[in-house]
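Accompanying notes for the structure given below.
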Amino acid sequence: MQIGMIGLGRMGGNIVRRLATKNHTCVVYDRAQDAIDALVKEGSKAAKSPEDMVKQLPKPRVVWVMLPSGKITDDTVTLLGSVMEKGDIIIDGGNSFWQDDIRRAKALAAKGIHYVDIGTSGGVWGRERGYCMMIGGSKEAVTHLDPILDTLAPGIGEIDRTRGRPKSADSRVERGYMHCGPSGAGHFVKMVHNGIEYGMMQA
């Protein structure tokens with residue numbers, strides 16, 4: 001698949017690099033030109049702006065936003081919503097507040113644009129080990145994204161399979177990613193995940 005990535009920091013840049021290992025191609029944009037240049041040297045395509053990125057992507061377009069939570073993400077999602085079309089997908093893979101996801105999804109749904117929130121866990125090690133992902137959004141959009149998500153996830157690995165797990169259970173969970181429910185559910189579950197993780201670290 002081909003997707004756009006806005007935000008090429010340690011997480012965003014390494015997500016692009018992991019996708020490249022399975023021949024996915026990315027159109028990349030960041031305010032820091034050196035971050036764009038580094039990924040272009042590795043095979044990605046450069047965008048001059050989010051609007052230019054949208055023009056380069058095939059329909060249905062997929063743009064992943066990997067920016068700090070708050071105004072910068074809100075502004076970027078709003079901008080993308082103004083230039084993308086029905087059937088396109090906007091992903092927020094950062095740490096947004098789950099109620100913001102519900103608001104954004106409702107606004108974008110009026111244009112027929114899918115909004116998917118992905119709580120992404122893996123840090124700087126995700127490039128090699130993979131990212132565990134907690135996903136909120138429509139079943140249609142998440143299914144379309146499956147090739148991307150499967151590449152980013154850690155995979156089943158070599159450990160013993162879970163005993164007694166029903167054969168009918170969603171195999172994505174064992175591979176390291178889960179469709180948690182409608183928009184907002186991904187970041188809500190990531191919030192709970194963070195609470196447990198930080199509590200264990202403090203203990």
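Residues in the structure tokens are numbered from 1 in each chain, the chains being A, B, ... in the order shown, and ligands are numbered from 1 in the order shown.
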Which neighbours of stretch 72-84 of chain A fall inside 12 Å, counting only C-alpha atoms, when residues of the same chain fewer than 6 positions from it are skipped, and could you give them as a ChimeraX atom specification? /A:4-7,29-31,49-66,90-97,100-101,103-117
Enumerate, in order of chain and increasing residue number, the residues of stretch 109-138 of chain A with an atom no farther than 8 Å from stretch 146-159 of chain A, each with its shortest atom pair and distance in Å to one decimal, counting only C-alpha atoms, as JSON lines.
```
{"residue": "A:Arg129", "atom": "CA", "partner": "A:Pro154", "partner_atom": "CA", "distance": 5.7}
{"residue": "A:Gly130", "atom": "CA", "partner": "A:Pro154", "partner_atom": "CA", "distance": 4.1}
{"residue": "A:Tyr131", "atom": "CA", "partner": "A:Ala153", "partner_atom": "CA", "distance": 4.9}
{"residue": "A:Cys132", "atom": "CA", "partner": "A:Ala153", "partner_atom": "CA", "distance": 5.7}
{"residue": "A:Met133", "atom": "CA", "partner": "A:Ala153", "partner_atom": "CA", "distance": 7.2}
```
Can you spit out the residues from that selection as a CSV table (one decimal), in the first residue's frame, using all heavy atoms?
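Resulting contents of result_13.csv:
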```csv
chain,number,residue,atom,x,y,z
A,129,ARG,N,11.2,-4.4,16.6
A,129,ARG,CA,10.3,-5.4,17.3
A,129,ARG,C,8.9,-5.3,16.9
A,129,ARG,O,8.1,-6.3,17.1
A,129,ARG,CB,10.4,-5.1,18.8
A,129,ARG,CG,11.8,-5.2,19.4
A,129,ARG,CD,11.8,-5.0,20.9
A,129,ARG,NE,13.2,-5.0,21.4
A,129,ARG,CZ,13.5,-4.8,22.7
A,129,ARG,NH1,12.5,-4.4,23.5
A,129,ARG,NH2,14.7,-4.8,23.1
A,130,GLY,N,8.5,-4.2,16.3
A,130,GLY,CA,7.1,-4.0,16.0
A,130,GLY,C,6.3,-3.2,17.0
A,130,GLY,O,6.8,-2.9,18.1
A,131,TYR,N,5.1,-2.7,16.6
A,131,TYR,CA,4.3,-1.9,17.4
A,131,TYR,C,3.0,-2.6,17.8
A,131,TYR,O,2.4,-3.1,16.9
A,131,TYR,CB,4.0,-0.6,16.7
A,131,TYR,CG,5.2,0.2,16.2
A,131,TYR,CD1,5.7,0.0,15.0
A,131,TYR,CD2,5.7,1.2,17.1
A,131,TYR,CE1,6.8,0.7,14.6
A,131,TYR,CE2,6.8,1.9,16.6
A,131,TYR,CZ,7.4,1.7,15.4
A,131,TYR,OH,8.5,2.4,15.0
A,132,CYS,N,2.7,-2.6,19.1
A,132,CYS,CA,1.3,-3.0,19.5
A,132,CYS,C,0.4,-1.9,19.3
A,132,CYS,O,0.7,-0.7,19.7
A,132,CYS,CB,1.4,-3.5,20.9
A,132,CYS,SG,2.3,-5.1,21.1
A,133,MET,N,-0.8,-2.1,18.7
A,133,MET,CA,-1.7,-1.0,18.3
A,133,MET,C,-3.1,-1.3,18.8
A,133,MET,O,-3.6,-2.4,18.7
A,133,MET,CB,-1.7,-0.8,16.8
A,133,MET,CG,-0.3,-0.3,16.3
A,133,MET,SD,-0.2,-0.5,14.5
A,133,MET,CE,0.0,-2.3,14.4
```
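Between atom CA of A:Met134 and atom CA of A:Lys190 there is a distance of 6.4 Å.
One finds atom CA of A:Val16 at 8.4 Å from atom CA of A:Val28.
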Counting only C-alpha atoms, closest pick from A:Ile135, A:Ile36, A:Leu67, A:Ile15 relative to A:Val173 is A:Ile135
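Closest approach to A:Arg10 among A:Ala35, A:Ile118, A:Val124, A:Val40 is made by A:Val124 (distances from only C-alpha atoms).
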Name the residues in contact with A:Asn14 at a cut-off of 9 Å, using only C-alpha atoms, excluding same-chain residues fewer than 3 positions from it; report them as a PyMOL selection string. chain A and resi 8-11+17-19+124-128
Kindly save the residues from that selection, with C-alpha atoms included, as a tab-separated table (two decimals), in the first residue's frame.
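For reference, result.tsv as written:
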```tsv
chain	number	residue	atom	x	y	z
A	8	LEU	CA	8.80	12.18	11.08
A	9	GLY	CA	10.16	12.10	14.61
A	10	ARG	CA	11.49	8.96	16.26
A	11	MET	CA	8.11	7.22	16.05
A	17	ARG	CA	11.12	2.56	7.80
A	18	ARG	CA	9.33	-0.54	9.09
A	19	LEU	CA	6.66	-0.23	6.39
A	124	VAL	CA	12.06	3.66	19.52
A	125	TRP	CA	12.34	-0.13	19.53
A	126	GLY	CA	9.24	-0.56	17.37
A	127	ARG	CA	11.17	-0.36	14.12
A	128	GLU	CA	12.76	-3.75	14.84
```
Mind checking DSSP for stretch 2-203 of chain A and telling me the strand (DSSP E) residues as an MDAnalysis selection string? chainID A and resid 2:6 25:29 45:46 62:65 89:92 114:121 132:136 177:181
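Of all the residues in stretch 105-157 of chain A, the ones DSSP labels as alpha helix (DSSP H) from the backbone are Ala105, Lys106, Ala107, Leu108, Ala109, Gly126, Arg127, Glu128, Arg129, Lys139, Glu140, Ala141, Val142, Thr143, His144, Asp146, Pro147, Ile148, Leu149, Asp150, Thr151 and Leu152 of chain A.
Summary of the local environment: counting only C-alpha atoms, residues at most 6 Å from A:Ala185, other than itself and those fewer than 4 positions away along its chain, are Gly136, Cys180 and Gly181 of chain A.
Coordinates place atom CA of A:Leu39 at a distance of 10.3 Å from atom CA of A:Ala20.
Comparing the minimum interatomic distances between A:Thr25 and each of A:Glu197, A:Glu174, A:Glu42, A:Asp88, counting only C-alpha atoms, we find that A:Glu42 sits nearest.
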Which is closest to A:His179 among A:Gly123, A:Pro166, A:Gly137, A:Gly195, if we use only C-alpha atoms? A:Gly137
